[in-house]
Amino acid sequence: ALFAWAALEAPLCMPAICPFGEEVVFIANDWQTGLVPLILTSHYRRWRCMGNARCVFVVHNMGYHGVYPNPPTWTSPRFSFQDFGLRDDAYYDRYVWTFPVSERPSQGRDPRDTGEAIKLLRGGIEMADRVVTVAPSYRDEIQSLEGGWGMHETARGRSYHLDGILNGIDVEEWDPARDPHISHPFSAADPSNKTACKRTLQYLLGLDQRPDTPVVAFIGRLAPQKGVDLIEEILGWLMGGDHLGVTGDVQLIMMGSGEGRYCEFLKRAEASHKGRVVGYVGFTPEMEHKII
């Protein structure tokens, strides 16, 4: 809540940094910023301030909701939006979420466990002027039963104000002809140095120096939503091959950080397939460029 207030106050209080005054668009990213459209509407617009300001809420991952039980514990008092600095509980209904009995800690055995909570992601989607996702296909996915993570109806309810903007890249930063992070420059017109880049990458990561072996790479957060669990499931098949034509002649690079169980998987995979698998727990932009 504090950072949401700070973001909204910045255009009014720091003209040297935000010289736009009330003519501003707030880009709120994911559940962590879910209170921004609430405070903009419930506080500023109520007092005829920031009438021309707008809030665009961006959904990168529908799997993270920002859930806060209300009350936080069965023995603590309920909180309200007044605890966040607002005048009243206006728009509380846009944030409230009641968990089914089967998903409550007490499984319905304790009457104090009402299952009530607020979901900041839901409120952000409900309250923002516009909602965008990281791709047109993801816009459609979050409105589906399979991809909405229990909030597909919320997404469908904003379908008229929901859109997807495809992620792009900085074509200068990722131009291999001028990339300072790779060992040898190459281009679409002359890709011959790609072999040298591959050889350098294999050397740096301790992979066998095999120019004809394909390299498969995964770079991302170590969480099920990113697919690392699928790699864990098929690792043995990928490295061992089968009778249908999968040869097992492949090298695998996985880089990322996140859940501990998947960090351990990366370490085990590398230990079990030395020279063929790299489990890089962590992230550096330099290594990302070398891998890609």
# chains A, B, ... in the order shown; residues from 1 in each chain; ligands from 1
call {"tool": "residues_around", "arguments": {"residues": "range 55-57 of chain A", "least_positions_apart": "3", "cutoff": "7 Å", "atoms": "only C-alpha atoms", "output": "list in words"}}
result
Val25, Phe26, Ile27, Ala28, Asn29, Pro37, Gly124, Ile125, Ala128, Asp129, Arg130, Val131 and Val132 of chain A
call {"tool": "residues_around", "arguments": {"residues": "Val67 in chain A", "least_positions_apart": "5", "cutoff": "8 Å", "atoms": "only C-alpha atoms", "output": "PyMOL selection string"}}
result
chain A and resi 117-120
call {"tool": "closest_residue", "arguments": {"among": "A:Glu232, A:Asp89, A:Glu116, A:Asp212", "to": "Leu266 in chain A", "atoms": "only C-alpha atoms"}}
result
A:Glu232
call {"tool": "residues_around", "arguments": {"residues": "Ser42 in chain A", "least_positions_apart": "3", "cutoff": "8 Å", "atoms": "only C-alpha atoms", "output": "list in words"}}
result
Leu38, Ile39, Arg45, Arg46, Leu86, Ala90 and Tyr91 of chain A
call {"tool": "write_last_selection", "arguments": {"atoms": "all heavy atoms", "output": "PDB file, in the first residue's frame"}}
result
ATOM      1  N   LEU A  38      -7.141   1.100  -7.203  1.00  0.00           N
ATOM      2  CA  LEU A  38      -8.086   1.337  -6.114  1.00  0.00           C
ATOM      3  C   LEU A  38      -7.874   2.714  -5.510  1.00  0.00           C
ATOM      4  O   LEU A  38      -8.827   3.497  -5.358  1.00  0.00           O
ATOM      5  CB  LEU A  38      -7.925   0.269  -5.028  1.00  0.00           C
ATOM      6  CG  LEU A  38      -8.645   0.571  -3.707  1.00  0.00           C
ATOM      7  CD1 LEU A  38     -10.153   0.508  -3.895  1.00  0.00           C
ATOM      8  CD2 LEU A  38      -8.180  -0.376  -2.601  1.00  0.00           C
ATOM      9  N   ILE A  39      -6.640   3.039  -5.152  1.00  0.00           N
ATOM     10  CA  ILE A  39      -6.356   4.327  -4.519  1.00  0.00           C
ATOM     11  C   ILE A  39      -6.622   5.467  -5.498  1.00  0.00           C
ATOM     12  O   ILE A  39      -7.148   6.519  -5.112  1.00  0.00           O
ATOM     13  CB  ILE A  39      -4.904   4.357  -3.997  1.00  0.00           C
ATOM     14  CG1 ILE A  39      -4.705   3.262  -2.933  1.00  0.00           C
ATOM     15  CG2 ILE A  39      -4.563   5.719  -3.419  1.00  0.00           C
ATOM     16  CD1 ILE A  39      -3.265   3.091  -2.486  1.00  0.00           C
ATOM     17  N   ARG A  45      -9.711  10.427  -7.415  1.00  0.00           N
ATOM     18  CA  ARG A  45     -10.854  10.820  -8.247  1.00  0.00           C
ATOM     19  C   ARG A  45     -12.038  11.268  -7.407  1.00  0.00           C
ATOM     20  O   ARG A  45     -12.830  12.123  -7.830  1.00  0.00           O
ATOM     21  CB  ARG A  45     -11.252   9.647  -9.146  1.00  0.00           C
ATOM     22  CG  ARG A  45     -10.254   9.384 -10.264  1.00  0.00           C
ATOM     23  CD  ARG A  45     -10.569   8.121 -11.036  1.00  0.00           C
ATOM     24  NE  ARG A  45      -9.640   7.922 -12.147  1.00  0.00           N
ATOM     25  CZ  ARG A  45      -9.547   6.782 -12.841  1.00  0.00           C
ATOM     26  NH1 ARG A  45     -10.342   5.765 -12.542  1.00  0.00           N
ATOM     27  NH2 ARG A  45      -8.673   6.671 -13.827  1.00  0.00           N
ATOM     28  N   ARG A  46     -12.153  10.728  -6.218  1.00  0.00           N
ATOM     29  CA  ARG A  46     -13.247  11.133  -5.331  1.00  0.00           C
ATOM     30  C   ARG A  46     -13.139  12.612  -4.996  1.00  0.00           C
ATOM     31  O   ARG A  46     -14.161  13.302  -4.823  1.00  0.00           O
ATOM     32  CB  ARG A  46     -13.217  10.295  -4.055  1.00  0.00           C
ATOM     33  CG  ARG A  46     -14.264  10.708  -3.031  1.00  0.00           C
ATOM     34  CD  ARG A  46     -14.195   9.833  -1.798  1.00  0.00           C
ATOM     35  NE  ARG A  46     -14.633   8.466  -2.054  1.00  0.00           N
ATOM     36  CZ  ARG A  46     -14.797   7.563  -1.089  1.00  0.00           C
ATOM     37  NH1 ARG A  46     -14.566   7.886   0.177  1.00  0.00           N
ATOM     38  NH2 ARG A  46     -15.180   6.343  -1.380  1.00  0.00           N
ATOM     39  N   LEU A  86      -7.286   4.786   3.185  1.00  0.00           N
ATOM     40  CA  LEU A  86      -8.457   5.230   2.442  1.00  0.00           C
ATOM     41  C   LEU A  86      -9.584   5.625   3.392  1.00  0.00           C
ATOM     42  O   LEU A  86      -9.571   5.269   4.572  1.00  0.00           O
ATOM     43  CB  LEU A  86      -8.924   4.125   1.491  1.00  0.00           C
ATOM     44  CG  LEU A  86      -7.948   3.821   0.348  1.00  0.00           C
ATOM     45  CD1 LEU A  86      -8.375   2.572  -0.404  1.00  0.00           C
ATOM     46  CD2 LEU A  86      -7.828   5.010  -0.611  1.00  0.00           C
ATOM     47  N   ALA A  90     -14.977   1.382   0.166  1.00  0.00           N
ATOM     48  CA  ALA A  90     -15.521   1.411  -1.188  1.00  0.00           C
ATOM     49  C   ALA A  90     -14.695   0.498  -2.095  1.00  0.00           C
ATOM     50  O   ALA A  90     -13.471   0.476  -2.017  1.00  0.00           O
ATOM     51  CB  ALA A  90     -15.514   2.837  -1.726  1.00  0.00           C
ATOM     52  N   TYR A  91     -15.363  -0.256  -2.916  1.00  0.00           N
ATOM     53  CA  TYR A  91     -14.779  -1.169  -3.888  1.00  0.00           C
ATOM     54  C   TYR A  91     -14.155  -2.417  -3.251  1.00  0.00           C
ATOM     55  O   TYR A  91     -13.464  -3.166  -3.930  1.00  0.00           O
ATOM     56  CB  TYR A  91     -13.725  -0.473  -4.762  1.00  0.00           C
ATOM     57  CG  TYR A  91     -14.247   0.784  -5.421  1.00  0.00           C
ATOM     58  CD1 TYR A  91     -13.837   2.041  -4.977  1.00  0.00           C
ATOM     59  CD2 TYR A  91     -15.157   0.725  -6.470  1.00  0.00           C
ATOM     60  CE1 TYR A  91     -14.331   3.193  -5.565  1.00  0.00           C
ATOM     61  CE2 TYR A  91     -15.654   1.874  -7.064  1.00  0.00           C
ATOM     62  CZ  TYR A  91     -15.239   3.108  -6.598  1.00  0.00           C
ATOM     63  OH  TYR A  91     -15.733   4.241  -7.185  1.00  0.00           O
TER      64      TYR A  91
END
call {"tool": "residues_around", "arguments": {"residues": "Lys290 in chain A", "least_positions_apart": "4", "cutoff": "10 Å", "atoms": "only C-alpha atoms", "output": "ChimeraX atom specification"}}
result
/A:176,179-183,197-198,200-201,204,285-286
call {"tool": "write_last_selection", "arguments": {"atoms": "all heavy atoms", "output": "short mmCIF file (atom, residue, chain, number, x, y, z; two decimals), in the first residue's frame"}}
result
data_model
loop_
_atom_site.label_atom_id
_atom_site.label_comp_id
_atom_site.auth_asym_id
_atom_site.auth_seq_id
_atom_site.Cartn_x
_atom_site.Cartn_y
_atom_site.Cartn_z
N PRO A 176 23.56 -9.86 -32.92
CA PRO A 176 24.81 -10.63 -32.71
C PRO A 176 26.00 -10.05 -33.45
O PRO A 176 27.15 -10.41 -33.15
CB PRO A 176 24.44 -12.02 -33.24
CG PRO A 176 23.32 -11.79 -34.19
CD PRO A 176 22.54 -10.63 -33.65
N ASP A 179 27.02 -7.58 -30.48
CA ASP A 179 26.81 -7.98 -29.08
C ASP A 179 28.15 -8.15 -28.38
O ASP A 179 28.95 -9.02 -28.74
CB ASP A 179 26.04 -9.30 -29.04
CG ASP A 179 25.52 -9.62 -27.64
OD1 ASP A 179 26.13 -9.16 -26.66
OD2 ASP A 179 24.51 -10.35 -27.53
N PRO A 180 28.45 -7.34 -27.34
CA PRO A 180 29.74 -7.44 -26.67
C PRO A 180 29.86 -8.67 -25.76
O PRO A 180 30.96 -8.98 -25.28
CB PRO A 180 29.80 -6.16 -25.83
CG PRO A 180 28.36 -5.84 -25.54
CD PRO A 180 27.61 -6.27 -26.76
N HIS A 181 28.75 -9.37 -25.52
CA HIS A 181 28.77 -10.49 -24.58
C HIS A 181 29.11 -11.82 -25.24
O HIS A 181 29.38 -12.80 -24.54
CB HIS A 181 27.42 -10.61 -23.88
CG HIS A 181 27.01 -9.38 -23.13
ND1 HIS A 181 27.80 -8.80 -22.16
CD2 HIS A 181 25.90 -8.60 -23.24
CE1 HIS A 181 27.19 -7.73 -21.68
NE2 HIS A 181 26.04 -7.58 -22.32
N ILE A 182 29.08 -11.90 -26.56
CA ILE A 182 29.41 -13.16 -27.23
C ILE A 182 30.83 -13.11 -27.75
O ILE A 182 31.40 -12.03 -27.97
CB ILE A 182 28.42 -13.47 -28.37
CG1 ILE A 182 28.46 -12.39 -29.46
CG2 ILE A 182 27.00 -13.59 -27.81
CD1 ILE A 182 27.55 -12.70 -30.66
N SER A 183 31.41 -14.28 -27.95
CA SER A 183 32.84 -14.35 -28.26
C SER A 183 33.17 -13.96 -29.68
O SER A 183 34.26 -13.42 -29.95
CB SER A 183 33.36 -15.76 -27.99
OG SER A 183 32.66 -16.71 -28.80
N CYS A 197 31.00 -19.43 -31.42
CA CYS A 197 30.26 -19.04 -30.21
C CYS A 197 29.79 -20.27 -29.44
O CYS A 197 29.85 -20.30 -28.20
CB CYS A 197 29.06 -18.18 -30.60
SG CYS A 197 29.47 -16.52 -31.19
N LYS A 198 29.34 -21.27 -30.16
CA LYS A 198 28.90 -22.51 -29.51
C LYS A 198 30.06 -23.20 -28.81
O LYS A 198 29.92 -23.67 -27.67
CB LYS A 198 28.28 -23.44 -30.55
CG LYS A 198 27.82 -24.78 -30.00
CD LYS A 198 27.20 -25.61 -31.12
CE LYS A 198 26.75 -26.97 -30.62
NZ LYS A 198 26.14 -27.77 -31.71
N THR A 200 32.74 -21.80 -27.60
CA THR A 200 33.08 -21.01 -26.42
C THR A 200 32.10 -21.27 -25.28
O THR A 200 32.49 -21.42 -24.12
CB THR A 200 33.09 -19.51 -26.75
OG1 THR A 200 34.04 -19.25 -27.79
CG2 THR A 200 33.43 -18.67 -25.53
N LEU A 201 30.82 -21.33 -25.62
CA LEU A 201 29.80 -21.60 -24.61
C LEU A 201 30.01 -22.97 -23.97
O LEU A 201 29.93 -23.12 -22.74
CB LEU A 201 28.41 -21.53 -25.25
CG LEU A 201 27.22 -21.83 -24.32
CD1 LEU A 201 27.09 -20.76 -23.25
CD2 LEU A 201 25.92 -21.94 -25.13
N LEU A 204 32.98 -22.68 -21.57
CA LEU A 204 32.71 -21.91 -20.35
C LEU A 204 31.83 -22.68 -19.36
O LEU A 204 32.00 -22.54 -18.14
CB LEU A 204 32.03 -20.59 -20.71
CG LEU A 204 32.89 -19.56 -21.44
CD1 LEU A 204 32.04 -18.36 -21.87
CD2 LEU A 204 34.04 -19.08 -20.55
N PRO A 285 22.83 -11.41 -17.18
CA PRO A 285 22.53 -11.04 -18.56
C PRO A 285 23.63 -11.48 -19.54
O PRO A 285 23.33 -11.83 -20.68
CB PRO A 285 22.41 -9.51 -18.50
CG PRO A 285 22.12 -9.21 -17.06
CD PRO A 285 22.83 -10.26 -16.27
N GLU A 286 24.88 -11.45 -19.08
CA GLU A 286 25.99 -11.82 -19.96
C GLU A 286 25.85 -13.28 -20.42
O GLU A 286 25.99 -13.60 -21.60
CB GLU A 286 27.33 -11.61 -19.26
CG GLU A 286 27.65 -10.17 -18.93
CD GLU A 286 26.91 -9.64 -17.69
OE1 GLU A 286 26.35 -10.48 -16.95
OE2 GLU A 286 26.88 -8.42 -17.48
#
call {"tool": "atom_distance", "arguments": {"atom1": "CA of Gly220 in chain A", "atom2": "CA of Gly256 in chain A"}}
result
5.1 Å
